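Colleague: Sharing run21.pdb, PDB, C-alpha atoms and all ligand atoms:
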ATOM      1  CA  MET A   1      11.518  26.910  10.109
ATOM      2  CA  MET A   2      13.118  24.878  12.873
ATOM      3  CA  LEU A   3      10.969  25.723  15.845
ATOM      4  CA  PRO A   4      10.248  22.049  16.369
ATOM      5  CA  VAL A   5      13.465  20.581  17.559
ATOM      6  CA  TRP A   6      14.507  22.722  20.502
ATOM      7  CA  LEU A   7      12.315  21.059  23.069
ATOM      8  CA  SER A   8      13.364  17.482  22.643
ATOM      9  CA  LYS A   9      16.572  17.455  20.587
ATOM     10  CA  THR A  10      18.290  14.040  20.759
ATOM     11  CA  ALA A  11      15.462  12.623  22.837
ATOM     12  CA  TRP A  12      14.036  10.708  19.877
ATOM     13  CA  PRO A  13      15.632   8.670  17.094
ATOM     14  CA  SER A  14      14.726  10.951  14.158
ATOM     15  CA  ASN A  15      14.176  14.593  13.287
ATOM     16  CA  THR A  16      10.511  13.885  12.551
ATOM     17  CA  ALA A  17       9.996  12.282  15.965
ATOM     18  CA  ASP A  18      11.619  15.347  17.605
ATOM     19  CA  SER A  19       9.330  17.610  15.629
ATOM     20  CA  VAL A  20       6.097  15.754  16.359
ATOM     21  CA  GLN A  21       7.070  15.274  19.978
ATOM     22  CA  SER A  22       7.779  18.965  20.579
ATOM     23  CA  ALA A  23       4.406  19.974  19.085
ATOM     24  CA  PHE A  24       2.722  17.314  21.182
ATOM     25  CA  LEU A  25       4.450  18.442  24.389
ATOM     26  CA  ILE A  26       3.640  22.116  23.814
ATOM     27  CA  VAL A  27      -0.048  21.409  23.111
ATOM     28  CA  THR A  28      -0.267  19.034  26.097
ATOM     29  CA  ALA A  29       1.378  21.594  28.408
ATOM     30  CA  VAL A  30      -1.040  24.349  27.289
ATOM     31  CA  CYS A  31      -3.995  21.993  27.803
ATOM     32  CA  CYS A  32      -2.800  21.096  31.323
ATOM     33  CA  VAL A  33      -2.440  24.777  32.278
ATOM     34  CA  LEU A  34      -5.933  25.493  30.919
ATOM     35  CA  LEU A  35      -7.482  22.505  32.688
ATOM     36  CA  LEU A  36      -5.933  23.451  36.035
ATOM     37  CA  GLY A  37      -6.765  27.153  35.595
ATOM     38  CA  VAL A  38     -10.404  26.556  34.649
ATOM     39  CA  THR A  39     -10.908  23.994  37.428
ATOM     40  CA  ALA A  40      -9.299  26.223  40.098
ATOM     41  CA  THR A  41     -11.378  29.254  39.006
ATOM     42  CA  MET A  42     -14.549  27.159  39.033
ATOM     43  CA  ILE A  43     -13.906  25.891  42.567
ATOM     44  CA  ALA A  44     -12.998  29.419  43.807
ATOM     45  CA  PHE A  45     -16.249  30.817  42.333
ATOM     46  CA  LEU A  46     -18.290  27.980  43.876
ATOM     47  CA  ILE A  47     -16.971  28.985  47.287
ATOM     48  CA  LYS A  48     -17.031  32.752  46.846
ATOM     49  CA  TYR A  49     -20.486  33.037  45.263
ATOM     50  CA  ASN A  50     -22.439  30.268  47.010
ATOM     51  CA  SER A  51     -25.996  31.053  48.116
ATOM     52  CA  ARG A  52     -25.239  30.998  51.853
ATOM     53  CA  ARG A  53     -22.785  33.854  51.491
ATOM     54  CA  ASN A  54     -24.933  35.655  48.924
ATOM     55  CA  PRO A  55     -28.595  35.130  49.874
ATOM     56  CA  VAL A  56     -29.678  38.028  47.660
ATOM     57  CA  PRO A  57     -28.425  37.958  44.055
ATOM     58  CA  GLY A  58     -26.474  41.071  43.074
ATOM     59  CA  PRO A  59     -27.240  43.073  39.931
ATOM     60  CA  ASP A  60     -25.556  42.070  36.640
ATOM     61  CA  ARG A  61     -22.967  44.626  35.687
ATOM     62  CA  GLU A  62     -21.365  45.016  32.298
ATOM     63  CA  ASN A  63     -17.595  44.673  32.171
ATOM     64  CA  LEU A  64     -16.287  45.356  28.666
ATOM     65  CA  SER A  65     -12.597  44.953  29.434
ATOM     66  CA  LEU A  66     -13.229  41.547  31.059
ATOM     67  CA  GLU A  67     -15.156  40.408  27.969
ATOM     68  CA  ILE A  68     -12.355  41.519  25.694
ATOM     69  CA  VAL A  69      -9.788  39.654  27.820
ATOM     70  CA  TRP A  70     -11.740  36.385  27.853
ATOM     71  CA  THR A  71     -12.196  36.564  24.112
ATOM     72  CA  VAL A  72      -8.720  37.634  23.052
ATOM     73  CA  VAL A  73      -6.692  35.400  25.406
ATOM     74  CA  PRO A  74      -8.321  32.062  24.390
ATOM     75  CA  VAL A  75      -8.137  33.033  20.704
ATOM     76  CA  ALA A  76      -4.417  33.760  21.108
ATOM     77  CA  ILE A  77      -3.866  30.433  22.894
ATOM     78  CA  VAL A  78      -5.728  28.457  20.217
ATOM     79  CA  LEU A  79      -3.894  30.259  17.404
ATOM     80  CA  GLY A  80      -0.606  29.554  19.215
ATOM     81  CA  MET A  81      -1.390  25.839  19.305
ATOM     82  CA  PHE A  82      -2.421  25.974  15.652
ATOM     83  CA  TYR A  83       0.869  27.668  14.786
ATOM     84  CA  VAL A  84       2.949  25.022  16.567
ATOM     85  CA  GLY A  85       0.987  22.243  14.854
ATOM     86  CA  TRP A  86       1.173  23.872  11.451
ATOM     87  CA  VAL A  87       4.915  24.613  11.568
ATOM     88  CA  ASN A  88       5.682  21.042  12.566
ATOM     89  CA  PHE A  89       3.274  19.564  10.027
ATOM     90  CA  ASP A  90       4.879  21.677   7.323
ATOM     91  CA  TYR A  91       8.323  20.557   8.467
ATOM     92  CA  ILE A  92       7.558  16.831   8.308
ATOM     93  CA  ARG A  93       5.668  17.173   4.993
ATOM     94  CA  ASP A  94       8.244  19.123   2.977
ATOM     95  CA  ALA A  95      11.383  17.176   2.226
ATOM     96  CA  PRO A  96      14.577  19.160   1.554
ATOM     97  CA  ALA A  97      16.039  19.055  -1.968
ATOM     98  CA  ASP A  98      19.074  16.867  -1.209
ATOM     99  CA  THR A  99      17.349  13.673  -0.064
ATOM    100  CA  MET A 100      18.320  10.131  -0.930
ATOM    101  CA  ASN A 101      15.229   8.722  -2.610
ATOM    102  CA  ILE A 102      13.997   5.176  -2.129
ATOM    103  CA  SER A 103      10.963   3.663  -3.875
ATOM    104  CA  VAL A 104       8.571   1.781  -1.622
ATOM    105  CA  LEU A 105       6.070  -0.715  -3.000
ATOM    106  CA  GLY A 106       3.293  -2.035  -0.784
ATOM    107  CA  ARG A 107       1.402  -5.146  -1.801
ATOM    108  CA  GLN A 108      -0.688  -7.774  -0.051
ATOM    109  CA  TRP A 109       1.202  -8.425   2.258
ATOM    110  CA  GLN A 110       4.726  -7.248   1.938
ATOM    111  CA  TRP A 111       6.825  -4.121   1.711
ATOM    112  CA  SER A 112       9.677  -3.911  -0.798
ATOM    113  CA  PHE A 113      12.286  -1.196  -1.245
ATOM    114  CA  THR A 114      14.147  -0.223  -4.431
ATOM    115  CA  TYR A 115      17.149   2.097  -4.423
ATOM    116  CA  ALA A 116      18.396   4.500  -7.113
ATOM    117  CA  ASN A 117      21.068   2.033  -8.294
ATOM    118  CA  GLY A 118      18.501  -0.731  -8.760
ATOM    119  CA  ARG A 119      19.307  -2.475  -5.493
ATOM    120  CA  GLN A 120      16.239  -4.155  -4.012
ATOM    121  CA  SER A 121      15.671  -5.087  -0.424
ATOM    122  CA  GLY A 122      13.004  -6.444   1.866
ATOM    123  CA  LYS A 123      14.480  -4.334   4.684
ATOM    124  CA  LEU A 124      14.618  -0.573   4.560
ATOM    125  CA  ARG A 125      18.302   0.248   5.108
ATOM    126  CA  VAL A 126      19.182   3.919   5.474
ATOM    127  CA  PRO A 127      22.332   5.886   6.340
ATOM    128  CA  LEU A 128      22.581   7.639   9.693
ATOM    129  CA  GLY A 129      22.130  11.416   9.678
ATOM    130  CA  LYS A 130      21.192  11.754   5.985
ATOM    131  CA  PRO A 131      17.805  12.952   4.748
ATOM    132  CA  VAL A 132      15.896  10.070   3.177
ATOM    133  CA  LYS A 133      12.733  10.383   1.104
ATOM    134  CA  LEU A 134      10.408   7.455   0.505
ATOM    135  CA  GLU A 135       8.368   7.550  -2.702
ATOM    136  CA  MET A 136       5.545   5.134  -2.150
ATOM    137  CA  THR A 137       2.871   3.368  -4.136
ATOM    138  CA  SER A 138       0.765   0.216  -3.898
ATOM    139  CA  ALA A 139       0.363  -2.711  -6.298
ATOM    140  CA  ASP A 140      -3.141  -3.584  -5.102
ATOM    141  CA  VAL A 141      -5.158  -1.993  -2.280
ATOM    142  CA  ILE A 142      -4.646   0.945   0.081
ATOM    143  CA  HIS A 143      -1.929   0.372   2.659
ATOM    144  CA  SER A 144      -0.399   2.776   5.144
ATOM    145  CA  PHE A 145       3.310   3.004   5.888
ATOM    146  CA  TYR A 146       4.066   3.629   9.536
ATOM    147  CA  ILE A 147       7.349   3.931  11.463
ATOM    148  CA  PRO A 148       6.158   4.310  15.087
ATOM    149  CA  ALA A 149       9.582   5.276  16.493
ATOM    150  CA  PHE A 150       9.922   8.084  13.941
ATOM    151  CA  LYS A 151       6.308   9.212  14.390
ATOM    152  CA  VAL A 152       5.637   9.267  10.648
ATOM    153  CA  LYS A 153       2.803   7.614   8.762
ATOM    154  CA  GLU A 154       1.480   7.971   5.233
ATOM    155  CA  ASP A 155      -1.120   6.196   3.115
ATOM    156  CA  VAL A 156       0.174   4.056   0.252
ATOM    157  CA  VAL A 157      -2.379   4.137  -2.543
ATOM    158  CA  PRO A 158      -2.548   2.273  -5.885
ATOM    159  CA  GLY A 159      -2.133   4.627  -8.857
ATOM    160  CA  MET A 160      -0.756   7.410  -6.677
ATOM    161  CA  LYS A 161       2.654   8.440  -5.400
ATOM    162  CA  THR A 162       2.827   9.531  -1.802
ATOM    163  CA  HIS A 163       5.933  10.384   0.191
ATOM    164  CA  LEU A 164       7.569  10.517   3.587
ATOM    165  CA  TRP A 165      10.935  11.887   4.639
ATOM    166  CA  PHE A 166      13.121  11.740   7.720
ATOM    167  CA  ILE A 167      16.658  11.968   9.058
ATOM    168  CA  ALA A 168      17.529   9.013  11.279
ATOM    169  CA  ASP A 169      19.574  10.168  14.272
ATOM    170  CA  ARG A 170      20.308   6.888  16.014
ATOM    171  CA  PRO A 171      21.561   3.578  14.588
ATOM    172  CA  GLY A 172      19.404   0.568  15.221
ATOM    173  CA  ALA A 173      16.488  -1.501  13.987
ATOM    174  CA  TYR A 174      12.974  -0.074  14.023
ATOM    175  CA  ASP A 175       9.569  -1.556  13.229
ATOM    176  CA  ILE A 176       7.592  -0.731  10.117
ATOM    177  CA  PHE A 177       3.879  -1.537  10.124
ATOM    178  CA  CYS A 178       0.961  -1.329   7.733
ATOM    179  CA  THR A 179      -1.773   0.614   9.503
ATOM    180  CA  GLU A 180      -4.531   0.355   6.924
ATOM    181  CA  TYR A 181      -6.534  -2.846   7.200
ATOM    182  CA  CYS A 182      -5.697  -4.436   3.860
ATOM    183  CA  GLY A 183      -6.987  -7.980   4.047
ATOM    184  CA  LEU A 184      -6.262 -11.312   5.680
ATOM    185  CA  GLY A 185      -2.478 -10.938   5.969
ATOM    186  CA  HIS A 186      -2.588  -7.324   7.200
ATOM    187  CA  SER A 187      -1.091  -8.107  10.596
ATOM    188  CA  ARG A 188       1.858  -9.806   8.901
ATOM    189  CA  MET A 189       2.620  -6.799   6.736
ATOM    190  CA  ARG A 190       5.642  -5.734   8.717
ATOM    191  CA  ALA A 191       9.216  -4.843   7.842
ATOM    192  CA  LYS A 192      12.356  -3.555   9.514
ATOM    193  CA  LEU A 193      14.018  -0.194   9.165
ATOM    194  CA  ILE A 194      17.767  -0.552   9.682
ATOM    195  CA  VAL A 195      19.696   2.660  10.392
ATOM    196  CA  MET A 196      23.386   2.134   9.590
ATOM    197  CA  PRO A 197      26.494   4.313  10.015
ATOM    198  CA  VAL A 198      27.252   5.998   6.682
ATOM    199  CA  ALA A 199      30.378   3.963   5.786
ATOM    200  CA  GLU A 200      28.614   0.691   6.550
ATOM    201  CA  PHE A 201      25.584   1.753   4.530
ATOM    202  CA  ASN A 202      27.740   2.753   1.556
ATOM    203  CA  GLY A 203      29.444  -0.653   1.631
ATOM    204  CA  TRP A 204      26.071  -2.384   1.556
ATOM    205  CA  TYR A 205      24.730  -0.068  -1.138
ATOM    206  CA  ARG A 206      27.726  -0.605  -3.438
ATOM    207  CA  GLN A 207      27.260  -4.370  -3.457
ATOM    208  CA  LYS A 208      24.151  -3.580  -5.528
ATOM    209  CA  ALA A 209      22.462  -6.918  -5.010
ATOM    210  CA  GLU A 210      23.157 -10.025  -3.070
ATOM    211  CA  PRO A 211      23.555 -12.637  -5.780
ATOM    212  CA  PRO A 212      20.294 -14.588  -5.542
ATOM    213  CA  PRO A 213      21.148 -18.108  -4.421
ATOM    214  CA  ASN A 214      18.581 -19.363  -6.861
ATOM    215  CA  ARG A 215      16.532 -17.744  -9.594
ATOM    216  CA  GLY A 216      13.310 -19.417  -8.484
ATOM    217  CA  LEU A 217      13.794 -18.050  -4.964
ATOM    218  CA  ALA A 218      14.651 -14.607  -6.349
ATOM    219  CA  LEU A 219      11.367 -14.658  -8.317
ATOM    220  CA  LEU A 220       9.369 -15.718  -5.253
ATOM    221  CA  GLN A 221      10.832 -12.723  -3.423
ATOM    222  CA  ALA A 222      10.519 -10.214  -6.267
ATOM    223  CA  LYS A 223       6.929 -11.156  -7.183
ATOM    224  CA  GLY A 224       5.743 -10.920  -3.589
ATOM    225  CA  CYS A 225       4.879 -14.626  -3.263
ATOM    226  CA  LEU A 226       6.683 -14.760   0.072
ATOM    227  CA  GLY A 227       4.239 -12.245   1.499
ATOM    228  CA  CYS A 228       1.867 -15.206   1.882
ATOM    229  CA  HIS A 229       4.032 -18.342   1.552
ATOM    230  CA  ASN A 230       7.047 -19.599   3.452
ATOM    231  CA  VAL A 231       9.909 -21.553   1.946
ATOM    232  CA  THR A 232       9.683 -23.627   5.113
ATOM    233  CA  SER A 233       6.801 -25.983   5.862
ATOM    234  CA  GLN A 234       5.192 -23.370   8.116
ATOM    235  CA  VAL A 235       1.782 -22.108   7.037
ATOM    236  CA  LYS A 236       1.577 -18.335   6.532
ATOM    237  CA  VAL A 237      -1.489 -16.988   4.692
ATOM    238  CA  GLY A 238      -1.098 -19.846   2.223
ATOM    239  CA  PRO A 239       0.688 -23.206   2.500
ATOM    240  CA  GLY A 240       4.440 -23.370   3.192
ATOM    241  CA  PHE A 241       6.436 -24.738   0.244
ATOM    242  CA  LYS A 242       8.820 -27.086   1.993
ATOM    243  CA  GLY A 243       7.921 -30.718   1.449
ATOM    244  CA  ILE A 244       4.880 -29.801  -0.601
ATOM    245  CA  TYR A 245       6.195 -31.370  -3.806
ATOM    246  CA  GLY A 246       5.056 -34.973  -4.108
ATOM    247  CA  SER A 247       2.598 -34.667  -1.217
ATOM    248  CA  ARG A 248      -1.141 -35.344  -1.430
ATOM    249  CA  VAL A 249      -3.489 -32.420  -0.875
ATOM    250  CA  THR A 250      -7.239 -32.018  -0.689
ATOM    251  CA  VAL A 251      -8.458 -29.474  -3.203
ATOM    252  CA  LEU A 252     -11.916 -27.985  -3.643
ATOM    253  CA  VAL A 253     -12.893 -28.202  -7.295
ATOM    254  CA  LYS A 254     -16.207 -26.389  -7.806
ATOM    255  CA  GLY A 255     -16.983 -26.990  -4.141
ATOM    256  CA  ARG A 256     -16.229 -30.732  -4.260
ATOM    257  CA  GLU A 257     -13.276 -32.229  -2.470
ATOM    258  CA  GLN A 258     -10.692 -34.026  -4.544
ATOM    259  CA  VAL A 259      -7.347 -35.442  -3.441
ATOM    260  CA  MET A 260      -4.457 -34.603  -5.739
ATOM    261  CA  THR A 261      -0.724 -35.180  -5.890
ATOM    262  CA  VAL A 262       1.431 -32.071  -6.005
ATOM    263  CA  ASP A 263       3.438 -32.492  -9.205
ATOM    264  CA  GLU A 264       4.686 -30.068 -11.845
ATOM    265  CA  ALA A 265       1.351 -29.930 -13.669
ATOM    266  CA  TYR A 266      -0.498 -29.254 -10.400
ATOM    267  CA  LEU A 267       1.854 -26.420  -9.381
ATOM    268  CA  LYS A 268       1.703 -24.855 -12.825
ATOM    269  CA  PHE A 269      -2.090 -24.933 -12.812
ATOM    270  CA  MET A 270      -2.261 -23.458  -9.300
ATOM    271  CA  ILE A 271       0.127 -20.633 -10.152
ATOM    272  CA  THR A 272      -1.502 -19.700 -13.453
ATOM    273  CA  ASN A 273      -5.150 -20.220 -12.355
ATOM    274  CA  PRO A 274      -5.133 -19.307  -8.661
ATOM    275  CA  ASP A 275      -8.904 -18.779  -8.541
ATOM    276  CA  VAL A 276     -10.082 -22.126  -9.958
ATOM    277  CA  TRP A 277      -9.009 -24.725  -7.398
ATOM    278  CA  VAL A 278      -8.628 -23.913  -3.735
ATOM    279  CA  VAL A 279      -6.647 -26.002  -1.283
ATOM    280  CA  LYS A 280      -8.933 -27.104   1.543
ATOM    281  CA  GLY A 281      -8.507 -25.025   4.690
ATOM    282  CA  PHE A 282      -7.152 -21.949   2.900
ATOM    283  CA  PRO A 283      -9.027 -18.814   1.833
ATOM    284  CA  PRO A 284      -9.550 -18.302  -1.935
ATOM    285  CA  ILE A 285      -7.549 -15.079  -2.105
ATOM    286  CA  MET A 286      -4.445 -15.777  -4.150
ATOM    287  CA  PRO A 287      -4.014 -13.098  -6.818
ATOM    288  CA  LYS A 288      -2.931 -13.861 -10.370
ATOM    289  CA  ILE A 289       0.750 -12.916 -10.573
ATOM    290  CA  PRO A 290       1.990 -11.999 -14.048
ATOM    291  CA  LEU A 291       4.730 -14.549 -14.823
ATOM    292  CA  THR A 292       6.230 -15.835 -18.056
ATOM    293  CA  GLU A 293       6.174 -19.573 -18.721
ATOM    294  CA  GLU A 294       9.906 -19.671 -18.076
ATOM    295  CA  GLU A 295       9.547 -17.856 -14.742
ATOM    296  CA  THR A 296       6.770 -20.237 -13.659
ATOM    297  CA  GLY A 297       9.098 -23.110 -14.536
ATOM    298  CA  GLU A 298      11.939 -21.643 -12.447
ATOM    299  CA  ILE A 299       9.635 -21.308  -9.459
ATOM    300  CA  ILE A 300       8.384 -24.882  -9.810
ATOM    301  CA  GLN A 301      11.955 -26.199 -10.087
ATOM    302  CA  TYR A 302      12.830 -24.319  -6.911
ATOM    303  CA  ILE A 303       9.798 -25.650  -4.995
ATOM    304  CA  LYS A 304      10.853 -29.166  -6.049
ATOM    305  CA  THR A 305      14.163 -28.698  -4.249
ATOM    306  CA  LEU A 306      12.484 -27.800  -0.922
ATOM    307  CA  LYS A 307      12.409 -31.191   0.693
TER     308      LYS A 307
HETATM  309 CU    CU A 401      -1.337  -3.220   4.167
END
Would you put the structure from the file into structure tokens?
Modeller:
Amino acid sequence: MMLPVWLSKTAWPSNTADSVQSAFLIVTAVCCVLLLGVTATMIAFLIKYNSRRNPVPGPDRENLSLEIVWTVVPVAIVLGMFYVGWVNFDYIRDAPADTMNISVLGRQWQWSFTYANGRQSGKLRVPLGKPVKLEMTSADVIHSFYIPAFKVKEDVVPGMKTHLWFIADRPGAYDIFCTEYCGLGHSRMRAKLIVMPVAEFNGWYRQKAEPPPNRGLALLQAKGCLGCHNVTSQVKVGPGFKGIYGSRVTVLVKGREQVMTVDEAYLKFMITNPDVWVVKGFPPIMPKIPLTEEETGEIIQYIKTLK
């Protein structure tokens, strides 16, 4: 049922935002009327029935019709607000049958998007005016996928599939946030939603995948390493990779400081045993990423080139 959209059609950049906004406006308007009505009645009664004007209290009289009115009217108002909320909730929960489906994976601390043709992206690109359904899960802890401009939010839970759907009505770039505190890098767990005109989107979609400039870099992206590390020298959650090869670092080995040179053996040990040595100044939170020996080698070769 499309009650939702009439109040604020085109005012917001998606059908879901229109829907939530119209429910919100209706409920707010009803609350304002009630607040003003109750306050005005209270003030009028204070004046009309004060003790100076009525030194002797009058007898209580029963008034059945008044009691029925003050019971039935508030119940009707509350049920009306419930109805508006329920219709809109139902609308933003139930995706239509003809959606374009995109898989969303949340992990500490990165969102990644996979399309039906296998195309992967770190940005959520969607066509304008088409219903899109996100099928979401998490690789580690509970996250929550939130598009503030579209007024939609849904938990992303390991071992479970949750979903969201929307129709984007306005081209542009919108923020995506994680709104479930999920560890040290939580505040960095952001992404962009890019709404593109249909022809432009189709062109992008048909390219399938940008050829990865380098297999090591492609692995760093695909395995989520870049959620915590930069390929520049800038520190993120963990050290940046640029210039790290050949440098000297202080490492805590069983709580004792030891200075080491970053060479191939060091990188391999750090990647395969992330919980044994910890680089001084960084939290001991790196997860063990499943990688083959060959993949680890590709990553190390790539890090070597970042000078
Ligand atoms: Cu998160």
Colleague: Go through the chains and note each residue within 6 Å of ligand CU 401 (chain A), using all atoms listed in the file, then give the set as a list of chain:residue names.
Modeller: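 Sorted by chain and then by number, the residues are A:His143, A:Cys178, A:Glu180, A:Cys182, A:His186, A:Met189.
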Colleague: Can you tell me which residues surround Val253 in chain A at a distance of at most 10 Å, considering all atoms listed in the file, apart from same-chain residues fewer than 6 positions away, and format the answer as a list of chain:residue names?
Modeller: A:Val259, A:Val276, A:Trp277, A:Val278, A:Val279, A:Lys280
Colleague: Could you give me, as a PyMOL selection string, the residues within 8 Å of range 263-265 of chain A, counting only C-alpha atoms and dropping anything in the same chain fewer than 2 positions from it?
Modeller: chain A and resi 245-246+261+267-269+300
Colleague: In the coordinate frame of the file, compute which residues have an atom within 12 Å of (11.1, 11.0, 2.8) when using all atoms listed in the file, and state them as a PyMOL selection string.
Modeller: chain A and resi 14-16+91-104+126+130-136+145+147+150+152-154+162-168
Colleague: How would the residues just picked look written out with C-alpha atoms as an mmCIF file, in the frame of the given file?
Modeller:
data_model
loop_
_atom_site.group_PDB
_atom_site.id
_atom_site.type_symbol
_atom_site.label_atom_id
_atom_site.label_comp_id
_atom_site.auth_asym_id
_atom_site.auth_seq_id
_atom_site.Cartn_x
_atom_site.Cartn_y
_atom_site.Cartn_z
ATOM 1 C CA SER A 14 14.726 10.951 14.158
ATOM 2 C CA ASN A 15 14.176 14.593 13.287
ATOM 3 C CA THR A 16 10.511 13.885 12.551
ATOM 4 C CA TYR A 91 8.323 20.557 8.467
ATOM 5 C CA ILE A 92 7.558 16.831 8.308
ATOM 6 C CA ARG A 93 5.668 17.173 4.993
ATOM 7 C CA ASP A 94 8.244 19.123 2.977
ATOM 8 C CA ALA A 95 11.383 17.176 2.226
ATOM 9 C CA PRO A 96 14.577 19.160 1.554
ATOM 10 C CA ALA A 97 16.039 19.055 -1.968
ATOM 11 C CA ASP A 98 19.074 16.867 -1.209
ATOM 12 C CA THR A 99 17.349 13.673 -0.064
ATOM 13 C CA MET A 100 18.320 10.131 -0.930
ATOM 14 C CA ASN A 101 15.229 8.722 -2.610
ATOM 15 C CA ILE A 102 13.997 5.176 -2.129
ATOM 16 C CA SER A 103 10.963 3.663 -3.875
ATOM 17 C CA VAL A 104 8.571 1.781 -1.622
ATOM 18 C CA VAL A 126 19.182 3.919 5.474
ATOM 19 C CA LYS A 130 21.192 11.754 5.985
ATOM 20 C CA PRO A 131 17.805 12.952 4.748
ATOM 21 C CA VAL A 132 15.896 10.070 3.177
ATOM 22 C CA LYS A 133 12.733 10.383 1.104
ATOM 23 C CA LEU A 134 10.408 7.455 0.505
ATOM 24 C CA GLU A 135 8.368 7.550 -2.702
ATOM 25 C CA MET A 136 5.545 5.134 -2.150
ATOM 26 C CA PHE A 145 3.310 3.004 5.888
ATOM 27 C CA ILE A 147 7.349 3.931 11.463
ATOM 28 C CA PHE A 150 9.922 8.084 13.941
ATOM 29 C CA VAL A 152 5.637 9.267 10.648
ATOM 30 C CA LYS A 153 2.803 7.614 8.762
ATOM 31 C CA GLU A 154 1.480 7.971 5.233
ATOM 32 C CA THR A 162 2.827 9.531 -1.802
ATOM 33 C CA HIS A 163 5.933 10.384 0.191
ATOM 34 C CA LEU A 164 7.569 10.517 3.587
ATOM 35 C CA TRP A 165 10.935 11.887 4.639
ATOM 36 C CA PHE A 166 13.121 11.740 7.720
ATOM 37 C CA ILE A 167 16.658 11.968 9.058
ATOM 38 C CA ALA A 168 17.529 9.013 11.279
#
Colleague: Tell me, in Å to one decimal, how far CA of Met286 in chain A is from CA of Thr272 in chain A.
Modeller: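 So the two atoms, CA of Met286 in chain A and CA of Thr272 in chain A, lie 10.5 Å apart.
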Colleague: Out of A:Ala23, A:Ala40, A:Val30, A:Ala116, which residue has the shortest atom-to-atom distance to Asn88 in chain A when counting all atoms listed in the file?
Modeller: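 Of A:Ala23, A:Ala40, A:Val30, A:Ala116, the one nearest Asn88 in chain A, counting all atoms listed in the file, is A:Ala23.
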Colleague: So, counting only C-alpha atoms, which residue among A:Val249, A:Met196, A:Ile68, A:Leu217 is closest to His229 in chain A?
Modeller: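 Among the listed residues, A:Leu217 lies closest to His229 in chain A.
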Colleague: Need to verify the contact set: range 236-244 of chain A, 12 Å, only C-alpha atoms, exclusion of same-chain residues closer than 5 positions in sequence. Can you return it as a PyMOL selection string?
Modeller: chain A and resi 108-110+183-189+217+220+225-231+249+260-264+266-267+274+278-287+299-307
Colleague: Just give me the residues with any atom within 6 Å of (4.3, -11.4, -7.3), file coordinates, counting all atoms listed in the file, written as a PyMOL selection string.
Modeller: chain A and resi 223-225+289
